[in-house]
Every structure is written in structure tokens, then in C-alpha cells.
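So this block is structure35.cif, mmCIF, C-alpha atoms and all ligand atoms:
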data_my_file
#
loop_
_atom_site.group_PDB
_atom_site.id
_atom_site.type_symbol
_atom_site.label_atom_id
_atom_site.label_comp_id
_atom_site.auth_asym_id
_atom_site.auth_seq_id
_atom_site.Cartn_x
_atom_site.Cartn_y
_atom_site.Cartn_z
ATOM 1 C CA MET A 1199 0.000 0.000 0.000
ATOM 2 C CA ILE A 1200 1.028 3.607 -0.484
ATOM 3 C CA HIS A 1201 0.024 5.419 2.688
ATOM 4 C CA ILE A 1202 -0.671 9.097 2.157
ATOM 5 C CA ARG A 1203 -0.650 11.106 5.393
ATOM 6 C CA PRO A 1204 -2.266 14.514 5.888
ATOM 7 C CA GLU A 1205 1.141 16.242 5.791
ATOM 8 C CA ASP A 1206 2.295 14.549 2.553
ATOM 9 C CA ARG A 1207 2.719 16.313 -0.765
ATOM 10 C CA VAL A 1208 2.382 13.891 -3.658
ATOM 11 C CA PHE A 1209 4.052 14.109 -7.071
ATOM 12 C CA ILE A 1210 2.601 11.757 -9.696
ATOM 13 C CA LEU A 1211 4.407 11.138 -12.979
ATOM 14 C CA THR A 1212 2.402 9.198 -15.549
ATOM 15 C CA GLY A 1213 3.488 7.640 -18.834
ATOM 16 C CA ALA A 1214 2.011 5.777 -21.761
ATOM 17 C CA GLY A 1215 1.326 2.650 -19.661
ATOM 18 C CA LEU A 1216 -1.452 4.534 -17.870
ATOM 19 C CA SER A 1217 -3.495 4.694 -21.067
ATOM 20 C CA ALA A 1218 -2.519 1.260 -22.426
ATOM 21 C CA GLU A 1219 -5.607 -0.463 -20.978
ATOM 22 C CA SER A 1220 -7.749 2.196 -22.670
ATOM 23 C CA GLY A 1221 -6.383 1.132 -26.064
ATOM 24 C CA ILE A 1222 -3.803 3.856 -26.693
ATOM 25 C CA PRO A 1223 -0.563 2.222 -27.905
ATOM 26 C CA THR A 1224 2.590 2.752 -25.825
ATOM 27 C CA PHE A 1225 5.843 3.788 -27.522
ATOM 28 C CA ARG A 1226 8.387 1.100 -26.662
ATOM 29 C CA GLY A 1227 6.501 -2.148 -26.013
ATOM 30 C CA SER A 1228 6.487 -5.098 -28.429
ATOM 31 C CA ASP A 1229 3.697 -3.386 -30.401
ATOM 32 C CA GLY A 1230 4.810 0.131 -29.434
ATOM 33 C CA LEU A 1231 4.518 3.074 -31.817
ATOM 34 C CA TRP A 1232 8.265 3.442 -32.273
ATOM 35 C CA ARG A 1233 8.418 -0.071 -33.737
ATOM 36 C CA ASN A 1234 6.306 1.069 -36.688
ATOM 37 C CA PHE A 1235 7.245 4.731 -37.050
ATOM 38 C CA ARG A 1236 10.636 6.415 -37.078
ATOM 39 C CA ILE A 1237 10.894 9.248 -34.548
ATOM 40 C CA GLU A 1238 13.051 11.298 -36.920
ATOM 41 C CA GLU A 1239 10.369 11.027 -39.628
ATOM 42 C CA VAL A 1240 7.293 11.949 -37.573
ATOM 43 C CA ALA A 1241 8.238 13.476 -34.205
ATOM 44 C CA SER A 1242 11.080 15.966 -34.555
ATOM 45 C CA PRO A 1243 11.597 19.506 -35.869
ATOM 46 C CA VAL A 1244 13.581 17.991 -38.762
ATOM 47 C CA ALA A 1245 10.613 15.774 -39.671
ATOM 48 C CA TRP A 1246 8.371 18.833 -39.672
ATOM 49 C CA ARG A 1247 10.737 20.749 -41.951
ATOM 50 C CA ASN A 1248 11.187 17.776 -44.317
ATOM 51 C CA ASP A 1249 7.661 16.431 -44.558
ATOM 52 C CA PRO A 1250 4.905 18.242 -42.620
ATOM 53 C CA ARG A 1251 2.265 16.198 -44.462
ATOM 54 C CA LEU A 1252 3.660 12.923 -43.070
ATOM 55 C CA VAL A 1253 3.876 14.432 -39.578
ATOM 56 C CA TRP A 1254 0.213 15.469 -39.763
ATOM 57 C CA GLU A 1255 -0.722 12.031 -41.106
ATOM 58 C CA PHE A 1256 0.820 10.477 -37.971
ATOM 59 C CA TYR A 1257 -0.843 12.891 -35.531
ATOM 60 C CA SER A 1258 -4.187 12.808 -37.394
ATOM 61 C CA TRP A 1259 -4.186 9.024 -37.020
ATOM 62 C CA ARG A 1260 -3.303 9.313 -33.330
ATOM 63 C CA ARG A 1261 -6.154 11.806 -32.844
ATOM 64 C CA GLU A 1262 -8.563 9.343 -34.463
ATOM 65 C CA VAL A 1263 -7.379 6.482 -32.227
ATOM 66 C CA ALA A 1264 -7.540 8.595 -29.047
ATOM 67 C CA ALA A 1265 -11.032 9.870 -29.894
ATOM 68 C CA GLN A 1266 -12.329 6.269 -29.633
ATOM 69 C CA CYS A 1267 -10.769 5.590 -26.213
ATOM 70 C CA LYS A 1268 -12.280 5.870 -22.742
ATOM 71 C CA PRO A 1269 -10.615 6.369 -19.348
ATOM 72 C CA ASN A 1270 -9.759 3.193 -17.427
ATOM 73 C CA PRO A 1271 -9.894 2.551 -13.652
ATOM 74 C CA ALA A 1272 -6.394 4.035 -13.177
ATOM 75 C CA HIS A 1273 -7.456 7.379 -14.704
ATOM 76 C CA LEU A 1274 -10.535 7.350 -12.469
ATOM 77 C CA ALA A 1275 -8.447 6.576 -9.354
ATOM 78 C CA LEU A 1276 -6.177 9.530 -10.175
ATOM 79 C CA ALA A 1277 -9.160 11.839 -10.616
ATOM 80 C CA GLN A 1278 -10.416 10.775 -7.194
ATOM 81 C CA LEU A 1279 -6.954 11.338 -5.709
ATOM 82 C CA GLU A 1280 -6.902 14.856 -7.169
ATOM 83 C CA GLN A 1281 -10.280 15.592 -5.627
ATOM 84 C CA THR A 1282 -9.148 14.332 -2.220
ATOM 85 C CA LEU A 1283 -5.676 15.889 -2.090
ATOM 86 C CA GLY A 1284 -6.364 19.170 -3.917
ATOM 87 C CA GLU A 1285 -3.269 21.403 -3.729
ATOM 88 C CA ARG A 1286 -1.247 18.607 -2.108
ATOM 89 C CA LEU A 1287 -1.129 16.748 -5.410
ATOM 90 C CA PHE A 1288 0.979 17.677 -8.430
ATOM 91 C CA HIS A 1289 0.243 15.455 -11.415
ATOM 92 C CA CYS A 1290 2.693 15.641 -14.284
ATOM 93 C CA THR A 1291 1.948 13.512 -17.319
ATOM 94 C CA GLN A 1292 4.023 12.668 -20.373
ATOM 95 C CA ASN A 1293 0.805 11.563 -22.059
ATOM 96 C CA VAL A 1294 -0.703 13.777 -24.692
ATOM 97 C CA ASP A 1295 -4.163 12.187 -24.643
ATOM 98 C CA SER A 1296 -7.075 13.707 -22.694
ATOM 99 C CA LEU A 1297 -8.171 10.611 -20.777
ATOM 100 C CA LEU A 1298 -7.239 12.077 -17.389
ATOM 101 C CA GLU A 1299 -9.429 15.105 -18.111
ATOM 102 C CA GLN A 1300 -12.209 12.807 -19.352
ATOM 103 C CA ALA A 1301 -11.947 10.934 -16.047
ATOM 104 C CA GLY A 1302 -12.492 14.205 -14.141
ATOM 105 C CA CYS A 1303 -8.966 15.554 -13.519
ATOM 106 C CA ASN A 1304 -8.790 19.350 -13.667
ATOM 107 C CA ASN A 1305 -5.193 19.973 -12.817
ATOM 108 C CA VAL A 1306 -2.795 17.892 -14.877
ATOM 109 C CA CYS A 1307 0.487 19.308 -16.146
ATOM 110 C CA HIS A 1308 1.049 18.017 -19.698
ATOM 111 C CA MET A 1309 4.826 18.264 -20.107
ATOM 112 C CA HIS A 1310 4.794 16.798 -23.648
ATOM 113 C CA GLY A 1311 1.820 18.798 -24.920
ATOM 114 C CA ARG A 1312 -1.714 17.868 -25.958
ATOM 115 C CA LEU A 1313 -2.768 15.683 -28.863
ATOM 116 C CA MET A 1314 -6.057 17.558 -29.250
ATOM 117 C CA GLN A 1315 -4.361 20.963 -29.503
ATOM 118 C CA SER A 1316 -2.454 22.693 -32.280
ATOM 119 C CA ARG A 1317 -0.341 25.826 -32.489
ATOM 120 C CA CYS A 1318 1.650 27.964 -34.903
ATOM 121 C CA GLU A 1319 5.001 26.530 -35.993
ATOM 122 C CA ARG A 1320 6.727 29.870 -35.411
ATOM 123 C CA ALA A 1321 8.243 30.170 -31.919
ATOM 124 C CA ALA A 1322 7.940 33.962 -32.070
ATOM 125 C CA CYS A 1323 4.193 33.854 -32.817
ATOM 126 C CA ARG A 1324 2.087 35.092 -29.911
ATOM 127 C CA GLN A 1325 -0.992 32.962 -30.658
ATOM 128 C CA PRO A 1326 -1.478 30.392 -27.877
ATOM 129 C CA PRO A 1327 -2.199 26.676 -28.557
ATOM 130 C CA PHE A 1328 -5.862 26.050 -29.368
ATOM 131 C CA ASP A 1329 -8.214 23.053 -29.165
ATOM 132 C CA ASP A 1330 -8.208 21.114 -32.418
ATOM 133 C CA ARG A 1331 -9.535 17.601 -32.964
ATOM 134 C CA ASN A 1332 -9.268 17.726 -36.769
ATOM 135 C CA SER A 1333 -7.403 15.371 -39.055
ATOM 136 C CA TYR A 1334 -5.303 16.867 -41.856
ATOM 137 C CA PRO A 1335 -4.916 14.362 -44.678
ATOM 138 C CA THR A 1336 -3.257 16.771 -47.138
ATOM 139 C CA LEU A 1337 -0.881 19.688 -46.757
ATOM 140 C CA GLU A 1338 -3.462 22.001 -48.361
ATOM 141 C CA SER A 1339 -5.921 21.172 -45.559
ATOM 142 C CA VAL A 1340 -3.506 22.339 -42.811
ATOM 143 C CA PRO A 1341 -4.479 25.819 -41.579
ATOM 144 C CA ILE A 1342 -2.122 28.780 -41.808
ATOM 145 C CA CYS A 1343 -1.768 31.115 -38.796
ATOM 146 C CA GLN A 1344 -2.507 34.869 -39.058
ATOM 147 C CA CYS A 1345 1.279 35.416 -38.975
ATOM 148 C CA GLY A 1346 1.805 33.182 -42.016
ATOM 149 C CA GLY A 1347 3.232 30.184 -40.141
ATOM 150 C CA ARG A 1348 1.854 26.694 -40.664
ATOM 151 C CA ILE A 1349 -0.222 25.124 -37.875
ATOM 152 C CA ARG A 1350 1.512 22.152 -36.188
ATOM 153 C CA PRO A 1351 0.526 19.704 -33.440
ATOM 154 C CA HIS A 1352 1.021 21.060 -29.884
ATOM 155 C CA ILE A 1353 3.447 18.268 -29.039
ATOM 156 C CA CYS A 1354 6.949 18.371 -27.608
ATOM 157 C CA TRP A 1355 9.052 16.626 -30.228
ATOM 158 C CA PHE A 1356 12.460 15.034 -29.789
ATOM 159 C CA GLY A 1357 14.986 17.846 -29.699
ATOM 160 C CA GLU A 1358 12.494 20.311 -28.161
ATOM 161 C CA VAL A 1359 12.219 21.422 -24.543
ATOM 162 C CA PRO A 1360 9.262 20.017 -22.553
ATOM 163 C CA TYR A 1361 6.692 22.458 -21.216
ATOM 164 C CA HIS A 1362 6.226 23.746 -17.624
ATOM 165 C CA LEU A 1363 9.673 22.638 -16.399
ATOM 166 C CA GLU A 1364 9.934 25.389 -13.781
ATOM 167 C CA GLU A 1365 6.616 24.478 -12.191
ATOM 168 C CA ILE A 1366 7.561 20.790 -12.315
ATOM 169 C CA GLY A 1367 10.930 21.429 -10.677
ATOM 170 C CA ALA A 1368 9.298 23.333 -7.818
ATOM 171 C CA ALA A 1369 6.786 20.526 -7.229
ATOM 172 C CA LEU A 1370 9.580 17.917 -7.234
ATOM 173 C CA ASP A 1371 11.494 19.947 -4.647
ATOM 174 C CA HIS A 1372 8.525 19.921 -2.291
ATOM 175 C CA CYS A 1373 7.063 16.430 -2.658
ATOM 176 C CA THR A 1374 7.259 13.839 0.106
ATOM 177 C CA ILE A 1375 5.826 11.018 -2.045
ATOM 178 C CA PHE A 1376 6.830 10.400 -5.669
ATOM 179 C CA ILE A 1377 4.785 7.887 -7.683
ATOM 180 C CA CYS A 1378 5.584 6.974 -11.275
ATOM 181 C CA ILE A 1379 3.007 4.996 -13.251
ATOM 182 C CA GLY A 1380 3.589 3.247 -16.593
ATOM 183 C CA SER A 1381 6.739 4.888 -17.907
ATOM 184 C CA SER A 1382 9.792 3.041 -19.260
ATOM 185 C CA GLY A 1383 12.160 5.550 -17.638
ATOM 186 C CA VAL A 1384 14.264 6.230 -20.718
ATOM 187 C CA VAL A 1385 13.081 9.644 -21.948
ATOM 188 C CA HIS A 1386 14.622 12.611 -20.169
ATOM 189 C CA PRO A 1387 14.025 14.867 -18.374
ATOM 190 C CA ALA A 1388 11.065 12.860 -16.946
ATOM 191 C CA ALA A 1389 13.212 9.727 -16.551
ATOM 192 C CA GLY A 1390 15.471 11.694 -14.193
ATOM 193 C CA PHE A 1391 12.762 12.874 -11.783
ATOM 194 C CA ALA A 1392 12.992 9.707 -9.642
ATOM 195 C CA ALA A 1393 16.755 10.195 -9.283
ATOM 196 C CA GLN A 1394 16.151 13.803 -8.219
ATOM 197 C CA VAL A 1395 14.076 12.755 -5.200
ATOM 198 C CA LYS A 1396 15.899 9.487 -4.362
ATOM 199 C CA GLY A 1397 17.508 9.483 -0.953
ATOM 200 C CA ARG A 1398 16.035 12.812 0.029
ATOM 201 C CA HIS A 1399 15.148 12.695 3.708
ATOM 202 C CA GLY A 1400 11.439 12.093 4.182
ATOM 203 C CA THR A 1401 10.601 11.363 0.527
ATOM 204 C CA ARG A 1402 9.379 7.922 -0.571
ATOM 205 C CA SER A 1403 9.237 6.827 -4.206
ATOM 206 C CA TYR A 1404 7.145 4.153 -5.910
ATOM 207 C CA TYR A 1405 6.822 2.636 -9.384
ATOM 208 C CA ILE A 1406 3.655 1.000 -10.747
ATOM 209 C CA GLY A 1407 3.702 -1.039 -13.959
ATOM 210 C CA PRO A 1408 4.063 -4.569 -15.321
ATOM 211 C CA GLU A 1409 7.783 -4.370 -16.222
ATOM 212 C CA GLU A 1410 10.988 -2.992 -14.736
ATOM 213 C CA PRO A 1411 11.620 0.580 -15.867
ATOM 214 C CA ALA A 1412 15.177 1.513 -16.906
ATOM 215 C CA ASN A 1413 15.466 3.778 -13.825
ATOM 216 C CA ARG A 1414 14.243 1.125 -11.372
ATOM 217 C CA ARG A 1415 17.089 1.683 -8.901
ATOM 218 C CA TYR A 1416 15.710 5.101 -8.001
ATOM 219 C CA PHE A 1417 12.447 3.724 -6.597
ATOM 220 C CA ASP A 1418 12.064 2.584 -2.987
ATOM 221 C CA GLU A 1419 9.232 0.183 -3.813
ATOM 222 C CA ASN A 1420 7.635 -1.310 -6.935
ATOM 223 C CA PHE A 1421 4.121 -2.565 -7.546
ATOM 224 C CA TRP A 1422 4.205 -4.926 -10.528
ATOM 225 C CA GLY A 1423 1.030 -5.084 -12.615
ATOM 226 C CA LYS A 1424 -1.297 -3.123 -14.842
ATOM 227 C CA ALA A 1425 -2.129 0.367 -13.617
ATOM 228 C CA GLY A 1426 -5.874 -0.170 -13.957
ATOM 229 C CA GLU A 1427 -5.722 -3.227 -11.731
ATOM 230 C CA VAL A 1428 -3.066 -2.150 -9.211
ATOM 231 C CA LEU A 1429 -3.578 1.563 -8.649
ATOM 232 C CA PRO A 1430 -7.170 1.547 -7.335
ATOM 233 C CA LYS A 1431 -6.118 -1.009 -4.672
ATOM 234 C CA ILE A 1432 -2.926 0.504 -3.295
ATOM 235 C CA LEU A 1433 -3.709 4.142 -2.541
ATOM 236 C CA ALA A 1434 -4.487 4.467 1.148
ATOM 237 C CA LEU A 1435 -5.390 7.890 2.476
ATOM 238 C CA LYS A 1436 -4.860 8.304 6.192
HETATM 239 P P1 LIG A 1501 6.946 3.913 -23.107
HETATM 240 O O1 LIG A 1501 6.195 3.337 -24.241
HETATM 241 O O2 LIG A 1501 8.401 4.137 -23.277
HETATM 242 O O3 LIG A 1501 6.771 2.992 -21.832
HETATM 243 C C1 LIG A 1501 5.498 2.547 -21.430
HETATM 244 C C2 LIG A 1501 5.639 1.814 -20.128
HETATM 245 O O4 LIG A 1501 4.328 1.436 -19.712
HETATM 246 C C3 LIG A 1501 6.456 0.513 -20.220
HETATM 247 O O5 LIG A 1501 7.424 0.511 -19.197
HETATM 248 C C4 LIG A 1501 5.429 -0.593 -19.982
HETATM 249 O O6 LIG A 1501 5.955 -1.658 -19.207
HETATM 250 C C5 LIG A 1501 4.370 0.135 -19.181
HETATM 251 N N1 LIG A 1501 3.015 -0.423 -19.299
HETATM 252 C C6 LIG A 1501 2.458 -1.120 -20.324
HETATM 253 N N2 LIG A 1501 1.185 -1.446 -20.045
HETATM 254 C C7 LIG A 1501 0.918 -0.949 -18.802
HETATM 255 C C8 LIG A 1501 -0.223 -0.947 -17.944
HETATM 256 N N3 LIG A 1501 -1.361 -1.519 -18.293
HETATM 257 N N4 LIG A 1501 -0.111 -0.322 -16.747
HETATM 258 C C9 LIG A 1501 1.044 0.274 -16.378
HETATM 259 N N5 LIG A 1501 2.152 0.313 -17.144
HETATM 260 C C10 LIG A 1501 2.087 -0.287 -18.337
HETATM 261 O O7 LIG A 1501 6.175 5.256 -22.684
HETATM 262 P P2 LIG A 1501 6.691 6.510 -21.847
HETATM 263 O O8 LIG A 1501 7.678 6.106 -20.819
HETATM 264 O O9 LIG A 1501 5.494 7.250 -21.412
HETATM 265 O O10 LIG A 1501 7.311 11.372 -25.869
HETATM 266 O O11 LIG A 1501 7.445 7.320 -22.969
HETATM 267 C C11 LIG A 1501 7.954 8.580 -22.677
HETATM 268 C C12 LIG A 1501 7.899 9.458 -23.874
HETATM 269 O O12 LIG A 1501 8.532 8.818 -24.982
HETATM 270 C C13 LIG A 1501 6.491 9.729 -24.386
HETATM 271 O O13 LIG A 1501 5.843 10.766 -23.702
HETATM 272 C C14 LIG A 1501 6.719 10.075 -25.814
HETATM 273 C C15 LIG A 1501 7.695 8.979 -26.153
HETATM 274 O O14 LIG A 1501 8.487 9.116 -27.233
HETATM 275 C C16 LIG A 1501 7.081 12.159 -26.933
HETATM 276 O O15 LIG A 1501 6.464 11.811 -27.910
HETATM 277 C C17 LIG A 1501 7.701 13.502 -26.784
#

Write the structure described by the file as C-alpha cells, please.
Ligand code: OAD
Amino acid sequence: MIHIRPEDRVFILTGAGLSAESGIPTFRGSDGLWRNFRIEEVASPVAWRNDPRLVWEFYSWRREVAAQCKPNPAHLALAQLEQTLGERLFHCTQNVDSLLEQAGCNNVCHMHGRLMQSRCERAACRQPPFDDRNSYPTLESVPICQCGGRIRPHICWFGEVPYHLEEIGAALDHCTIFICIGSSGVVHPAAGFAAQVKGRHGTRSYYIGPEEPANRRYFDENFWGKAGEVLPKILALK
């Protein structure tokens, strides 16, 4: 069990495994996305420069898949935890889907962006990301921003800096419980968060998932199994 006391501040880090039971493919498993797609062709600034149509084909397909999926019991358990802990919970997700919000979460920090949002490709453009569930099958169908830039997915690609890092760093500094759910522990900076809190006096760290993550040594305790089956059983609020 993970015992959460009234004085605890909880940092949750979620990864693709959280949404696996909802039907959203993970990235590195045996049928993971990166087995069928090359990162440098669909998820990098170079890919965008070379072939924006192919990039939009990939993200349009992912939008269509995600639109069919429903939250699973792990998303629902996290929504309940948010309601109970309020300000004492900081939930950082690497997931770009909206299943946590669909489950009732109101306060999730999406460090890798949002699948259902788009933004201008130009860093200097002042227009903020906007909700967008559309698919763009051709380059001609992709909207152009008022500034003349092409609209791109609001996703942090390889080679780009994740969002909200300052806020995340502050929450890591103050947490007394760190829980990572369904992440392989290979993509930085998120893979380094467990190491940041390891050994800090008064902070406990836990991993939940069916397989050993690459950063396993930085967790005090592991709960092996699927998030949807394990998580609802192990959170104990005191
Ligand atoms: P990965 O695909 O690398 O890892 C998914 C993890 O989930 C694996 O360790 C699995 O063992 C675990 N898993 C599978 N099914 C599970 C279940 N039912 N319950 C719990 N865990 C389960 O995904 P991430 O670590 O999230 O970034 O990947 C990190 C980043 O790499 C992603 O955000 C994405 C990707 O490239 C970008 O696209 C920027």
C-alpha cells in the first residue's frame, strides 16, 4: 500500500502505460509506436521541416485512435486522488491524450503537450495553442496562422524542450511522495525525476507497472502489474 498522510505532498508522474488499458498504444513495447514509425520522420523539428504532411498524417491518425478511447480505472483513481488531495497533489503527465481530463482531472500538467491541440510553428508567434480535434490528410488542408506560419501539433518533439519545467521542478522539490506509473524511464528529463528525489530525507518513491523501468534503482518500492488493476487497490489515504 502507499500510505498518504495529511502532511504529505504527492508528485505523480504518468506515462504511456497509464493509457494502455484504454487502447492507446505505448511507444516502446512489443507493439509500441516506435516499432512502426521512425521518430526522426514523424516526431522531430527535422521531420516537420522535411515532410509536414507525413507528420500530420501520424498525428491525425493518433487523434482518431484517441477519440475512440475511454478512461480506465487508473485514470478514475487519479481523478479521485486529485479531488481528495487538492493542492497537495501535483500530477505531471508525459501523455498527450485527454483521458485524465475525461476521467475528471482538472489539474494535470502536460509536459509533452496535448494531442487535441495545435499551435503555430513559429516560436515567435504570440498565438497560444488552441483546441483542435481535426485530421489533416493533405498539406493544403492544414491551416495557416494569421502570422503566415503553418499550424503544427502542440506536441513536444524530440529535440524540443518540454513544457512547464519550472513548475515541475518546484513541485519535485517539495514532494514527500513520488509515484511513477507506466513509464519506461528512458526519456529525459522525466526519466530523471525519480533520481532527483531518491535518498532525500522524508521522501518515498514508488513505481507501478508490469515491467521494470530503466530507472528502477531510483524507486524505494515497486508494484508490478497493470495500472488499472493495481492503482485503485494501493492508494491508502490516512
Ligand atoms: P513507453 O512506451 O516508453 O513505456 C510505457 C511503459 O508502460 C512501459 O514501461 C510498460 O511496461 C508500461 N506499461 C504497459 N502497459 C501498462 C499498464 N497496463 N499499466 C502500467 N504500465 C504499463 O512510454 P513513456 O515512458 O510514457 O514522448 O514514454 C515517454 C515518452 O517517450 C512519451 O511521452 C513520448 C515517447 O516518445 C514524446 O512523444 C515527446

Please provide as a ChimeraX atom specification all residues within 6 Å of segment 1269-1282 of chain A, with the sequence filter that same-chain residues fewer than 2 positions apart are discarded (counting only C-alpha atoms).
/A:1220,1284,1297-1298,1301-1303,1425-1426,1429-1430

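Take the candidates A:Trp1246, A:Phe1391, A:Phe1209, A:Phe1235 and check each one against Leu1283 of chain A using all atoms listed in the file; the shortest distance goes to A:Phe1209.
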
Under the rule that all atoms listed in the file are counted, which of A:Val1385, A:Phe1288, A:Val1395, A:Glu1255 is the nearest residue to Arg1226 of chain A?
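Among the listed residues, the smallest separation from Arg1226 of chain A belongs to A:Val1385.
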
Ground truth for the PyMOL selection byres (((chain A and resi 1227) around 12) and not hetatm), written as JSON, numbers by chain:
{"A": [1214, 1215, 1218, 1222, 1223, 1224, 1225, 1226, 1228, 1229, 1230, 1231, 1232, 1233, 1234, 1380, 1381, 1382, 1408, 1409, 1411]}

Output of the PyMOL selection byres (((chain A and resi 1344) around 12) and not hetatm), listed as a list in words:
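That expression, the PyMOL selection byres (((chain A and resi 1344) around 12) and not hetatm), corresponds here to Arg1317, Cys1318, Glu1319, Arg1320, Cys1323, Arg1324, Gln1325, Pro1341, Ile1342, Cys1343, Cys1345, Gly1346, Gly1347, Arg1348 and Ile1349 of chain A.
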
Go ahead and dump the residues you just picked, C-alpha atoms, as a short mmCIF file (atom, residue, chain, number, x, y, z; two decimals), in the coordinates of the input.
data_model
loop_
_atom_site.label_atom_id
_atom_site.label_comp_id
_atom_site.auth_asym_id
_atom_site.auth_seq_id
_atom_site.Cartn_x
_atom_site.Cartn_y
_atom_site.Cartn_z
CA ARG A 1317 -0.34 25.83 -32.49
CA CYS A 1318 1.65 27.96 -34.90
CA GLU A 1319 5.00 26.53 -35.99
CA ARG A 1320 6.73 29.87 -35.41
CA CYS A 1323 4.19 33.85 -32.82
CA ARG A 1324 2.09 35.09 -29.91
CA GLN A 1325 -0.99 32.96 -30.66
CA PRO A 1341 -4.48 25.82 -41.58
CA ILE A 1342 -2.12 28.78 -41.81
CA CYS A 1343 -1.77 31.12 -38.80
CA CYS A 1345 1.28 35.42 -38.98
CA GLY A 1346 1.80 33.18 -42.02
CA GLY A 1347 3.23 30.18 -40.14
CA ARG A 1348 1.85 26.69 -40.66
CA ILE A 1349 -0.22 25.12 -37.88
#

Please identify all polymer residues within 10 Å of Val1359 of chain A, counting only C-alpha atoms, omitting same-chain residues fewer than 4 positions from it, and present them as a list of chain:residue names.
A:Met1309, A:His1310, A:Cys1354, A:Trp1355, A:Leu1363, A:Pro1387

At what distance in Å, to one decimal, does atom CA of Val1240 of chain A lie from atom C9 of ligand LIG 1501 (chain A)?
25.0 Å

Just to confirm, what's the straight-line distance from atom CA of Asp1206 of chain A to atom CA of Leu1287 of chain A in Å (one decimal)?
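Going from atom CA of Asp1206 of chain A over to atom CA of Leu1287 of chain A covers 8.9 Å.
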